[in-house]
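The file structure.txt comes next; it holds compact mmCIF, C-alpha atoms.
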# COMPACT_ATOMS: atom_id res chain seq x y z
CA MET R 1395 -21.41 17.04 1.96
CA LYS R 1396 -20.44 20.59 2.86
CA GLU R 1397 -18.09 22.40 0.49
CA LYS R 1398 -15.57 22.96 3.28
CA TYR R 1399 -15.32 19.24 4.04
CA ILE R 1400 -14.87 18.41 0.37
CA GLN R 1401 -12.05 20.96 0.18
CA ILE R 1402 -10.34 19.46 3.25
CA LEU R 1403 -10.76 16.01 1.73
CA SER R 1404 -9.28 17.34 -1.51
CA ILE R 1405 -6.17 18.67 0.27
CA LEU R 1406 -5.70 15.35 2.09
CA LEU R 1407 -6.26 13.34 -1.08
CA THR R 1408 -3.83 15.50 -3.06
CA ALA R 1409 -1.20 15.26 -0.33
CA PHE R 1410 -1.55 11.48 -0.01
CA TYR R 1411 -1.62 10.74 -3.75
CA GLY R 1412 1.13 13.32 -4.36
CA PHE R 1413 3.41 11.72 -1.77
CA PHE R 1414 2.71 8.33 -3.32
CA VAL R 1415 3.75 9.61 -6.76
CA ILE R 1416 6.89 11.25 -5.32
CA PHE R 1417 7.69 8.05 -3.42
CA LEU R 1418 7.42 5.99 -6.63
CA TYR R 1419 9.79 8.29 -8.50
CA TRP R 1420 12.20 8.34 -5.54
CA ALA R 1421 12.15 4.60 -4.81
CA GLU R 1422 11.89 3.50 -8.46
CA PRO R 1423 10.36 0.07 -7.86
CA LYS R 1424 10.70 -2.35 -10.76
CA SER R 1425 7.41 -4.13 -10.23
CA VAL R 1426 4.17 -3.88 -8.28
CA GLU R 1427 5.51 -6.40 -5.73
CA GLU R 1428 8.57 -4.24 -5.16
CA VAL R 1429 6.40 -1.24 -4.25
CA SER R 1430 5.45 -2.74 -0.89
CA ILE R 1431 9.05 -3.79 -0.14
CA LYS R 1432 10.37 -0.32 -0.92
CA ALA R 1433 7.54 1.26 1.07
CA GLN R 1434 8.42 -0.88 4.10
CA SER R 1435 12.11 0.02 3.95
CA THR R 1436 11.23 3.71 3.47
CA VAL R 1437 8.94 3.66 6.50
CA GLU R 1438 11.64 1.94 8.59
CA ASN R 1439 14.17 4.49 7.44
CA ALA R 1440 11.81 7.36 8.24
CA VAL R 1441 11.12 5.91 11.71
CA THR R 1442 14.87 5.65 12.41
CA LYS R 1443 15.43 9.21 11.21
CA GLY R 1444 12.55 10.33 13.39
CA GLN R 1445 14.09 8.58 16.40
CA VAL R 1446 17.40 10.36 15.74
CA PHE R 1447 15.57 13.66 15.48
CA ALA R 1448 13.65 13.01 18.68
CA GLY R 1449 16.75 11.79 20.51
CA THR R 1450 15.32 8.32 21.20
CA TYR R 1451 17.53 6.46 18.73
CA GLU R 1452 18.97 3.17 19.96
CA ILE R 1453 20.93 0.47 18.22
CA ASP R 1454 19.38 -2.94 17.58
CA GLN R 1455 20.86 -4.91 20.46
CA THR R 1456 20.15 -8.36 18.96
CA LYS R 1457 21.91 -7.56 15.71
CA TYR R 1458 24.72 -5.91 17.65
CA ASN R 1459 25.29 -9.08 19.70
CA GLU R 1460 25.26 -11.23 16.54
CA ALA R 1461 27.77 -8.89 14.92
CA LEU R 1462 29.97 -8.92 18.01
CA SER R 1463 30.10 -12.71 18.06
CA ALA R 1464 31.02 -12.69 14.34
CA PHE R 1465 33.76 -10.14 15.15
CA ARG R 1466 35.15 -12.45 17.85
CA ARG R 1467 35.12 -15.35 15.40
CA ASP R 1468 37.24 -13.21 13.03
CA ASN R 1469 34.41 -13.13 10.50
CA PHE R 1470 34.88 -9.42 9.87
CA VAL R 1471 32.75 -9.04 6.76
CA ALA R 1472 29.71 -10.53 8.50
CA ALA R 1473 30.53 -8.52 11.61
CA ARG R 1474 30.57 -5.22 9.72
CA ASP R 1475 27.34 -6.12 7.97
CA GLY R 1476 25.77 -6.84 11.35
CA PHE R 1477 27.11 -3.64 12.91
CA ASP R 1478 25.77 -1.64 9.97
CA LYS R 1479 22.33 -3.18 10.44
CA ALA R 1480 22.45 -2.65 14.20
CA ASP R 1481 23.39 1.01 13.79
CA PRO R 1482 21.94 2.12 10.42
CA GLU R 1483 22.26 5.81 11.26
CA LYS R 1484 25.91 5.44 12.39
CA ARG R 1485 25.19 7.23 15.64
CA ASP R 1486 26.70 4.82 18.16
CA SER R 1487 30.39 5.39 18.83
CA ASN R 1488 30.94 1.91 20.26
CA THR R 1489 29.54 0.19 17.15
CA GLN R 1490 31.52 2.45 14.87
CA PHE R 1491 34.67 1.69 16.85
CA TYR R 1492 34.11 -2.03 16.31
CA ILE R 1493 33.67 -1.38 12.58
CA ALA R 1494 36.98 0.51 12.50
CA TYR R 1495 38.63 -2.24 14.52
CA SER R 1496 37.28 -4.90 12.14
CA PHE R 1497 38.96 -3.09 9.25
CA TYR R 1498 42.21 -3.09 11.20
CA ARG R 1499 42.05 -6.78 12.08
CA GLN R 1500 41.00 -7.87 8.60
CA GLY R 1501 43.60 -5.70 6.90
CA TRP R 1502 46.43 -6.64 9.23
CA GLY R 1503 49.06 -8.95 7.74
CA ARG R 1504 52.22 -10.44 9.15
CA PHE R 1505 54.25 -9.27 6.16
CA SER R 1506 52.08 -6.52 4.66
CA ASN R 1507 48.81 -4.77 5.42
CA ASP R 1508 45.80 -4.16 3.18
CA ASP R 1509 45.95 -0.41 2.59
CA ALA R 1510 42.39 -0.16 1.27
CA LEU R 1511 40.93 -1.71 4.42
CA PHE R 1512 43.14 0.42 6.66
CA LYS R 1513 41.91 3.57 4.92
CA GLN R 1514 38.29 2.50 5.46
CA GLY R 1515 39.21 1.91 9.08
CA LEU R 1516 40.44 5.50 9.35
CA ASP R 1517 37.17 6.76 7.89
CA ALA R 1518 35.21 4.77 10.45
CA LEU R 1519 37.45 6.17 13.21
CA ASP R 1520 36.64 9.71 12.08
CA ARG R 1521 32.98 8.96 12.81
CA VAL R 1522 33.86 7.65 16.28
CA VAL R 1523 35.72 10.86 17.13
CA LEU R 1524 32.84 12.96 15.81
CA LEU R 1525 30.35 11.06 17.96
CA ASN R 1526 32.45 10.85 21.12
CA ARG R 1527 35.77 12.62 21.37
CA ASN R 1528 36.66 10.83 24.64
CA PHE R 1529 35.66 7.36 23.56
CA ASN R 1530 37.30 4.49 25.42
CA SER R 1531 36.31 0.92 24.69
CA ALA R 1532 35.26 -1.25 27.62
CA ASP R 1533 35.97 -4.49 25.75
CA PRO R 1534 38.91 -6.27 27.47
CA SER R 1535 39.64 -8.34 24.33
CA LEU R 1536 40.65 -5.21 22.42
CA GLN R 1537 44.22 -4.09 22.96
CA LEU R 1538 43.72 -0.76 21.21
CA LYS R 1539 41.07 0.88 23.33
CA THR R 1540 40.94 4.47 22.11
CA PRO R 1541 40.52 5.98 18.65
CA ALA R 1542 43.90 7.71 18.96
CA VAL R 1543 45.79 4.45 19.52
CA LEU R 1544 43.92 2.64 16.78
CA ARG R 1545 44.48 5.58 14.40
CA ASN R 1546 48.19 5.47 15.12
CA GLU R 1547 48.26 1.75 14.36
CA LEU R 1548 46.36 2.21 11.10
CA GLU R 1549 48.49 5.17 9.97
CA GLU R 1550 51.71 3.33 10.79
CA GLY R 1551 50.41 0.39 8.80
CA LEU R 1552 49.88 2.60 5.78
CA LYS R 1553 53.39 4.06 5.83
CA ILE R 1554 56.39 2.39 4.22
CA THR R 1555 59.41 2.72 6.50
CA SER R 1556 62.73 0.92 6.93
CA ASP R 1557 61.12 -0.87 9.87
CA ASP R 1558 58.85 -2.68 7.42
CA PHE R 1559 61.88 -4.63 6.16
CA ASN R 1560 62.82 -5.84 9.61
CA PRO R 1561 62.54 -9.68 9.45
CA PHE R 1562 61.60 -9.86 13.13
CA LYS R 1563 58.42 -8.03 12.25
CA ALA R 1564 57.06 -11.33 11.04
CA PHE R 1565 56.83 -12.46 14.65
CA ARG R 1566 54.68 -9.56 15.85
CA ASP R 1567 51.10 -10.18 16.94
CA ARG R 1568 47.85 -8.65 15.83
CA LYS R 1569 46.36 -6.41 18.49
CA MET Q 414 -57.39 43.96 -30.36
CA GLU Q 415 -54.91 43.98 -33.25
CA GLN Q 416 -55.04 47.75 -33.26
CA ASN Q 417 -54.44 47.74 -29.52
CA GLN Q 418 -51.42 45.44 -29.99
CA SER Q 419 -49.84 47.57 -32.68
CA SER Q 420 -50.47 50.86 -30.88
CA HIS Q 421 -49.26 49.71 -27.44
CA PRO Q 422 -46.82 46.84 -27.92
CA GLU Q 423 -45.03 47.44 -24.55
CA THR Q 424 -48.29 47.36 -22.61
CA TYR Q 425 -49.23 44.15 -24.38
CA THR Q 426 -45.90 42.51 -23.47
CA GLU Q 427 -46.25 43.55 -19.84
CA GLU Q 428 -49.70 42.04 -19.76
CA LEU Q 429 -48.40 38.83 -21.24
CA ASN Q 430 -45.59 38.66 -18.66
CA GLU Q 431 -48.07 39.25 -15.87
CA ILE Q 432 -50.31 36.50 -17.15
CA SER Q 433 -47.42 34.04 -17.54
CA GLY Q 434 -46.19 34.98 -14.04
CA ARG Q 435 -49.63 34.22 -12.65
CA ILE Q 436 -49.64 30.88 -14.45
CA ILE Q 437 -46.22 29.98 -12.95
CA ASP Q 438 -47.38 31.10 -9.50
CA ALA Q 439 -50.53 29.04 -9.93
CA ASP Q 440 -48.41 26.07 -10.97
CA ILE Q 441 -46.32 26.45 -7.83
CA LEU Q 442 -49.48 26.63 -5.75
CA ILE Q 443 -50.84 23.49 -7.40
CA ASN Q 444 -47.45 21.66 -7.41
CA PRO Q 445 -45.45 23.06 -4.46
CA GLY Q 446 -42.55 20.64 -5.21
CA THR Q 447 -41.66 22.40 -8.48
CA GLU Q 448 -39.73 25.27 -6.87
CA ILE Q 449 -37.99 22.93 -4.44
CA GLU Q 450 -36.99 20.65 -7.31
CA LYS Q 451 -35.53 23.62 -9.16
CA THR Q 452 -33.50 24.66 -6.09
CA ASP Q 453 -32.41 21.04 -5.61
CA SER Q 454 -31.21 20.70 -9.20
CA VAL Q 455 -29.20 23.94 -8.85
CA SER Q 456 -27.60 22.75 -5.61
CA LYS Q 457 -26.96 19.30 -7.14
CA SER Q 458 -25.14 20.82 -10.12
CA GLY Q 459 -23.18 23.03 -7.68
CA ASN Q 460 -22.26 19.97 -5.63
CA GLN Q 461 -21.22 18.07 -8.74
CA ARG Q 462 -19.02 20.98 -9.71
CA ILE Q 463 -17.35 20.96 -6.30
CA TYR Q 464 -16.74 17.22 -6.51
CA LEU Q 465 -15.33 17.72 -10.02
CA ILE Q 466 -12.94 20.51 -9.02
CA TYR Q 467 -11.75 19.19 -5.69
CA LEU Q 468 -11.82 15.42 -6.07
CA PHE Q 469 -11.98 14.36 -9.69
CA LEU Q 470 -9.53 16.82 -11.23
CA PRO Q 471 -6.71 16.26 -8.68
CA CYS Q 472 -7.08 12.51 -9.21
CA VAL Q 473 -6.90 12.90 -12.99
CA PHE Q 474 -3.91 15.25 -12.88
CA LEU Q 475 -2.02 13.17 -10.33
CA THR Q 476 -2.64 10.05 -12.40
CA VAL Q 477 -1.07 11.88 -15.34
CA ALA Q 478 1.82 12.85 -13.07
CA LEU Q 479 2.21 9.20 -12.11
CA LEU Q 480 2.03 7.82 -15.65
CA GLY Q 481 3.98 10.57 -17.42
CA GLY Q 482 7.42 9.36 -16.42
CA LEU Q 483 6.63 5.66 -16.46
CA ARG Q 484 8.30 3.48 -19.07
CA LEU Q 485 8.44 -0.29 -19.41
CA SER Q 486 11.72 -2.09 -19.88
CA PRO Q 487 12.04 -3.88 -23.23
CA VAL Q 488 13.60 -6.91 -21.57
CA ASP Q 489 11.17 -7.87 -18.81
CA ASN Q 490 8.51 -5.12 -18.84
CA SER Q 491 9.72 -3.91 -15.45
CA PHE Q 492 8.90 -0.33 -14.43
CA ILE Q 493 11.32 2.47 -15.21
CA PHE Q 494 10.47 5.78 -13.53
CA LEU Q 495 12.10 8.71 -15.31
CA LYS Q 496 12.33 11.97 -13.43
CA PRO Q 497 11.44 15.04 -15.50
CA PRO Q 498 14.32 17.10 -16.90
CA LEU Q 499 14.52 20.80 -16.06
CA PHE Q 500 13.09 21.70 -19.47
CA CYS Q 501 9.77 20.11 -18.50
CA LEU Q 502 9.42 22.39 -15.49
CA ILE Q 503 10.10 25.45 -17.64
CA PHE Q 504 7.56 24.31 -20.22
CA ALA Q 505 5.00 23.69 -17.48
CA VAL Q 506 5.44 27.23 -16.16
CA ILE Q 507 5.00 28.65 -19.67
CA MET Q 508 1.87 26.53 -20.08
CA LEU Q 509 0.35 27.85 -16.87
CA VAL Q 510 1.01 31.42 -18.00
CA LEU Q 511 -0.58 30.51 -21.32
CA PHE Q 512 -3.67 29.15 -19.55
CA LEU Q 513 -4.04 32.43 -17.69
CA ARG Q 514 -3.49 34.57 -20.78
CA ALA Q 515 -5.96 32.58 -22.87
CA GLY Q 516 -8.58 32.67 -20.13
CA LEU Q 517 -8.65 28.92 -19.58
CA MET Q 518 -8.56 29.87 -15.93
CA ARG Q 519 -8.74 33.19 -14.12
CA LEU Q 520 -6.35 33.86 -11.29
CA ASP Q 521 -8.94 35.86 -9.34
CA GLY Q 522 -11.36 33.00 -9.81
CA TRP Q 523 -8.96 30.58 -8.09
CA PHE Q 524 -7.41 32.78 -5.42
CA SER Q 525 -9.17 35.58 -3.66
CA GLU Q 526 -9.11 37.35 -0.33
CA ASP Q 527 -12.88 36.83 -0.21
CA PHE Q 528 -12.45 33.04 -0.20
CA PRO Q 529 -11.97 31.17 3.05
CA LEU Q 530 -8.42 29.98 3.72
CA ILE Q 531 -9.35 26.33 3.18
CA LYS Q 532 -10.76 27.12 -0.24
CA ASN Q 533 -7.62 29.00 -1.27
CA LEU Q 534 -5.50 26.09 -0.04
CA ALA Q 535 -7.63 23.51 -1.84
CA ASN Q 536 -7.45 25.57 -5.03
CA ALA Q 537 -3.67 25.82 -4.69
CA ALA Q 538 -3.53 22.04 -4.31
CA VAL Q 539 -5.58 21.55 -7.48
CA LEU Q 540 -3.33 23.93 -9.43
CA LEU Q 541 -0.26 22.19 -8.03
CA THR Q 542 -1.55 18.91 -9.42
CA LEU Q 543 -2.14 20.67 -12.76
CA PHE Q 544 1.47 21.86 -12.72
CA ALA Q 545 2.75 18.38 -11.86
CA ALA Q 546 0.65 16.82 -14.60
CA THR Q 547 1.86 19.37 -17.17
CA THR Q 548 5.47 18.74 -16.21
CA GLN Q 549 5.03 15.00 -16.47
CA LEU Q 550 3.19 15.26 -19.79
CA PHE Q 551 6.22 17.00 -21.26
CA ASN Q 552 8.37 14.33 -19.65
CA SER Q 553 6.23 11.79 -21.44
CA LEU Q 554 6.33 13.45 -24.86
CA LEU Q 555 9.96 14.57 -24.95
CA PRO Q 556 12.41 11.95 -26.19
CA GLU Q 557 14.65 10.84 -23.34
CA GLN Q 558 18.07 11.75 -24.70
CA GLY Q 559 20.25 12.57 -27.66
CA LEU Q 560 19.50 14.66 -30.71
CA PRO Q 561 15.72 13.96 -30.77
CA PHE Q 562 15.42 15.38 -27.23
CA TRP Q 563 16.97 18.68 -28.26
CA ILE Q 564 15.01 18.92 -31.51
CA VAL Q 565 11.62 18.21 -29.91
CA ALA Q 566 12.42 20.40 -26.90
CA PHE Q 567 13.27 23.25 -29.24
CA CYS Q 568 10.04 22.74 -31.19
CA PHE Q 569 8.03 22.79 -27.96
CA PHE Q 570 9.79 25.91 -26.79
CA TRP Q 571 9.33 27.66 -30.12
CA THR Q 572 5.60 26.85 -30.23
CA LEU Q 573 4.91 27.76 -26.61
CA TRP Q 574 6.91 30.97 -26.83
CA ASN Q 575 4.96 32.05 -29.94
CA ASN Q 576 1.69 31.12 -28.30
CA LEU Q 577 2.54 33.31 -25.33
CA PHE Q 578 2.34 36.39 -27.50
CA ALA Q 579 -0.52 35.31 -29.74
CA TYR Q 580 -4.19 36.03 -29.21
CA PHE Q 581 -5.96 32.93 -27.96
CA ASP Q 582 -9.36 32.05 -26.70
CA THR Q 583 -9.77 28.88 -24.69
CA LYS Q 584 -11.26 26.90 -27.56
CA LYS Q 585 -8.35 27.72 -29.86
CA LEU Q 586 -5.86 27.05 -27.09
CA LEU Q 587 -7.27 23.61 -26.37
CA ARG Q 588 -7.28 22.75 -30.07
CA SER Q 589 -3.72 23.99 -30.44
CA LEU Q 590 -2.54 21.99 -27.43
CA GLY Q 591 -4.33 18.89 -28.67
CA ALA Q 592 -2.60 19.21 -32.01
CA LEU Q 593 0.78 19.94 -30.42
CA PHE Q 594 0.66 17.00 -28.03
CA GLY Q 595 -0.81 14.71 -30.68
CA LEU Q 596 2.02 15.46 -33.07
CA ALA Q 597 4.64 15.02 -30.35
CA PHE Q 598 3.07 11.69 -29.37
CA VAL Q 599 3.10 10.44 -32.95
CA ALA Q 600 6.71 11.61 -33.41
CA LYS Q 601 7.93 9.83 -30.30
CA TYR Q 602 5.79 6.73 -29.90
CA LEU Q 603 5.15 5.89 -33.53
CA ILE Q 604 8.03 7.26 -35.62
CA LEU Q 605 11.00 7.20 -33.24
CA ALA Q 606 9.80 4.03 -31.50
CA ASN Q 607 9.66 2.27 -34.86
CA LEU Q 608 13.17 3.44 -35.69
CA THR Q 609 14.51 1.92 -32.49
CA ALA Q 610 16.15 -1.46 -32.95
CA PRO Q 611 14.67 -4.29 -30.89
CA GLU Q 612 16.72 -5.98 -28.20
CA SER Q 613 18.92 -8.61 -29.88
CA GLU Q 614 21.35 -11.17 -28.58
CA GLY Q 615 24.35 -9.30 -29.84
CA TRP Q 616 25.44 -6.17 -31.61
CA PHE Q 617 26.62 -8.02 -34.72
CA ARG Q 618 23.42 -10.04 -34.98
CA GLY Q 619 21.42 -6.85 -34.56
CA VAL Q 620 23.32 -5.19 -37.42
CA ILE Q 621 22.71 -8.18 -39.67
CA GLU Q 622 19.01 -8.48 -38.83
CA ASN Q 623 18.04 -4.78 -38.64
CA PRO Q 624 20.79 -2.68 -40.19
CA THR Q 625 18.69 0.47 -40.65
CA LYS Q 626 17.16 0.40 -37.18
CA GLU Q 627 20.54 -0.31 -35.61
CA ALA Q 628 21.98 2.67 -37.49
CA PHE Q 629 19.17 5.00 -36.39
CA THR Q 630 19.37 3.77 -32.81
CA TRP Q 631 23.09 4.42 -32.76
CA LEU Q 632 22.92 7.77 -34.57
CA LEU Q 633 19.96 9.18 -32.66
CA ASP Q 634 20.85 7.53 -29.34
CA LEU Q 635 17.35 6.12 -29.01
CA PRO Q 636 16.46 4.23 -25.85
CA GLY Q 637 14.38 1.10 -26.29
CA PHE Q 638 11.17 0.61 -24.34
CA SER Q 639 8.46 -2.02 -24.36
CA ALA Q 640 5.46 -1.45 -26.63
CA GLY Q 641 3.27 -1.05 -23.56
CA THR Q 642 4.92 2.30 -22.87
CA GLY Q 643 3.13 3.89 -25.82
CA TYR Q 644 -0.26 2.71 -24.53
CA ILE Q 645 0.41 4.11 -21.05
CA GLN Q 646 1.52 7.46 -22.44
CA PHE Q 647 -1.46 7.60 -24.77
CA PHE Q 648 -3.79 7.41 -21.79
CA ALA Q 649 -1.67 9.93 -19.90
CA ALA Q 650 -2.09 12.45 -22.75
CA VAL Q 651 -5.83 11.74 -23.07
CA PHE Q 652 -6.40 12.13 -19.32
CA TYR Q 653 -4.47 15.38 -19.33
CA LEU Q 654 -6.48 16.91 -22.18
CA ALA Q 655 -9.72 15.70 -20.59
CA GLY Q 656 -8.67 17.28 -17.30
CA LEU Q 657 -7.89 20.56 -19.07
CA TYR Q 658 -11.28 20.50 -20.74
CA LEU Q 659 -13.01 19.99 -17.39
CA LEU Q 660 -10.94 22.63 -15.61
CA PRO Q 661 -13.23 25.56 -14.78
CA GLN Q 662 -12.26 29.17 -15.32
CA THR Q 663 -13.18 30.03 -11.78
CA THR Q 664 -14.16 28.26 -8.58
CA LYS Q 665 -16.69 30.92 -7.60
CA ILE Q 666 -20.09 29.25 -7.41
CA GLU Q 667 -22.24 32.26 -6.54
CA SER Q 668 -22.73 33.34 -10.14
CA PRO Q 669 -23.98 30.49 -12.32
CA ALA Q 670 -22.77 32.32 -15.44
CA ALA Q 671 -19.17 32.09 -14.28
CA SER Q 672 -19.35 28.32 -14.12
CA ILE Q 673 -20.19 28.07 -17.78
CA HIS Q 674 -16.92 27.55 -19.49
CA PRO Q 675 -16.53 29.20 -22.89
CA LYS Q 676 -14.87 26.07 -24.31
CA ASP Q 677 -18.00 24.94 -26.15
How would this structure read if it were set down as structure tokens?
Amino acid sequence: MKEKYIQILSILLTAFYGFFVIFLYWAEPKSVEEVSIKAQSTVENAVTKGQVFAGTYEIDQTKYNEALSAFRRDNFVAARDGFDKADPEKRDSNTQFYIAYSFYRQGWGRFSNDDALFKQGLDALDRVVLLNRNFNSADPSLQLKTPAVLRNELEEGLKITSDDFNPFKAFRDRK
Amino acid sequence: MEQNQSSHPETYTEELNEISGRIIDADILINPGTEIEKTDSVSKSGNQRIYLIYLFLPCVFLTVALLGGLRLSPVDNSFIFLKPPLFCLIFAVIMLVLFLRAGLMRLDGWFSEDFPLIKNLANAAVLLTLFAATTQLFNSLLPEQGLPFWIVAFCFFWTLWNNLFAYFDTKKLLRSLGALFGLAFVAKYLILANLTAPESEGWFRGVIENPTKEAFTWLLDLPGFSAGTGYIQFFAAVFYLAGLYLLPQTTKIESPAASIHPKD
């Protein structure tokens, strides 16, 4: 074989083996079986990142629909898990809005709200605004259709005011 | 005749050379394959050298890079990949400078404007693997944490720093490195590993069963690894030293003399 071809082969071999070594130290698999699992997830992740970079990124519609049905059944933990899987790169404002909304609905209480969930809801809303400043939900089942309205609801829920001690508040409805 | 030899020794030698040259020429005429075989053997050895430099050595060094940070868990022998601390990178740089100073490799023999771009790139890739392997070898031989890490790291630094300013030839350098790495291996995988307490069901039981080892483990902050770790690291060190031994001074193949490494 010509020297030049051997040198090209050497560069390719070094790059391939080198990336494999770096991958092992990055992924830290615990066994030989885990190497293939980690490799698969890394490739999927890289493909998604590549799609974002190329501008062809799309959410997984099947997982999105499953998550949406879980959201409508008030199974918010499963819904958020599904939304996260449908939009792993957190690039879809609609999906992120549902995640924020799920925090609101799960954290809402007739007598008191779950502050931790409301704060996570605010974080998710920040992402929505970053992705689409003029976002407006098309879902008729949601009463709070824009990030601003939902933010107001979440922030009000976090505050302690004299209105919180109003006994009639117990008769209010979740939005 | 004897008189002739003693009075004209140069003439006699020339005559002898001429005669031997004629014999060789005659041999070539009788066996035309002889010259071709000679050329073939030269090109074969050149080819072998290219395979060694560009295929075998990167594989060896990258295998060392792979194994150097690998440990086995004492509980279930699962893999633990330890990334090298910053110290290892510094030591690896010092080692490369040491290789150049001692003549283990010549910079102008690995990179040159006369070389084609591909050759320079391939050489850079080989040296990159050498750097990675050196880093990971230090990662392998340095204790992971605590007081032993700092003591051994200081000893390495002291030795390498002294070596930088000492006169070395390649043979002495390889011997010195063999001794240095051998001692570090014994210190970590025989002495410190034997001072580490085995995994026990509870702290109290461990203290009752192995009071000394428990005390050393606690005092020296020794991490426990499976016995297989020592075997893996032994082969990592052996592969590294073998790779260093096979590393040529230069990648120039035009002059056969340059390919002969003065390690012997």
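In this model, the gap between CA of Glu526 in chain Q and CA of Ile1400 in chain R comes to 19.8 Å.
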>> Using all atoms listed in the file, I'd like every residue of chain Q that has an atom within 10 Å of chain R; please write them out as number ranges by chain.
In response: Q: 459-460, 463-464, 466-472, 474-476, 478-480, 482-483, 485-486, 489-497, 529, 531-539, 541-542, 545
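Once Thr1540 in chain R and its same-chain neighbours fewer than 6 positions away are set aside, Phe1491, Leu1519, Val1522, Val1523, Arg1527, Asn1528, Phe1529, Asn1530, Ser1531 and Ala1532 of chain R remain within 10 Å of it when counting only C-alpha atoms.
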> Neighbours of Val477 in chain Q within 8 Å (only C-alpha atoms; same-chain residues fewer than 6 positions away dropped), as number ranges by chain?
Replying inline: Q: 546, 549-550, 649-650, 652-653
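Proximity to Pro636 in chain Q was assessed for Q:Gly656, Q:Pro556, Q:Pro661, Q:Gly481 counting all atoms listed in the file; the smallest distance is recorded for Q:Pro556.
Put simply, CA of Val1437 in chain R is 25.4 Å away from CA of Leu1525 in chain R.
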>> Need to verify the contact set: Glu1483 in chain R, 10 Å, only C-alpha atoms, exclusion of same-chain residues closer than 2 positions in sequence. Can you return it as a PyMOL selection string?
In response: chain R and resi 1439+1442-1443+1446+1451-1453+1478-1481+1485-1486
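What separates CA of Tyr658 in chain Q from CA of Ala606 in chain Q is a distance of 28.8 Å.
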Kindly complete range 635-649 of chain Q to N, CA and C atoms; the output should be written as a compact mmCIF listing (two decimals), in the frame of the given file.
# COMPACT_ATOMS: atom_id res chain seq x y z
N LEU Q 635 18.73 6.38 -29.43
CA LEU Q 635 17.35 6.12 -29.01
C LEU Q 635 17.29 5.03 -27.95
N PRO Q 636 16.62 5.30 -26.84
CA PRO Q 636 16.46 4.23 -25.85
C PRO Q 636 15.30 3.30 -26.24
N GLY Q 637 15.44 2.05 -25.94
CA GLY Q 637 14.38 1.10 -26.29
C GLY Q 637 13.45 0.88 -25.10
N PHE Q 638 12.14 0.91 -25.39
CA PHE Q 638 11.17 0.61 -24.34
C PHE Q 638 10.17 -0.40 -24.87
N SER Q 639 9.48 -1.05 -23.97
CA SER Q 639 8.46 -2.02 -24.36
C SER Q 639 7.30 -1.30 -25.05
N ALA Q 640 6.57 -2.06 -25.89
CA ALA Q 640 5.46 -1.45 -26.63
C ALA Q 640 4.38 -0.91 -25.70
N GLY Q 641 4.28 -1.49 -24.53
CA GLY Q 641 3.27 -1.05 -23.56
C GLY Q 641 3.44 0.40 -23.14
N THR Q 642 4.66 0.91 -23.25
CA THR Q 642 4.92 2.30 -22.87
C THR Q 642 4.05 3.27 -23.67
N GLY Q 643 3.94 3.01 -24.96
CA GLY Q 643 3.13 3.89 -25.82
C GLY Q 643 1.68 3.93 -25.37
N TYR Q 644 1.14 2.76 -24.98
CA TYR Q 644 -0.26 2.71 -24.53
C TYR Q 644 -0.43 3.53 -23.25
N ILE Q 645 0.51 3.37 -22.33
CA ILE Q 645 0.41 4.11 -21.05
C ILE Q 645 0.45 5.61 -21.32
N GLN Q 646 1.37 6.02 -22.18
CA GLN Q 646 1.52 7.46 -22.44
C GLN Q 646 0.35 8.02 -23.23
N PHE Q 647 -0.27 7.16 -24.05
CA PHE Q 647 -1.46 7.60 -24.77
C PHE Q 647 -2.56 7.99 -23.77
N PHE Q 648 -2.76 7.12 -22.78
CA PHE Q 648 -3.79 7.41 -21.79
C PHE Q 648 -3.40 8.61 -20.92
N ALA Q 649 -2.11 8.76 -20.67
CA ALA Q 649 -1.67 9.93 -19.90
C ALA Q 649 -2.04 11.22 -20.64
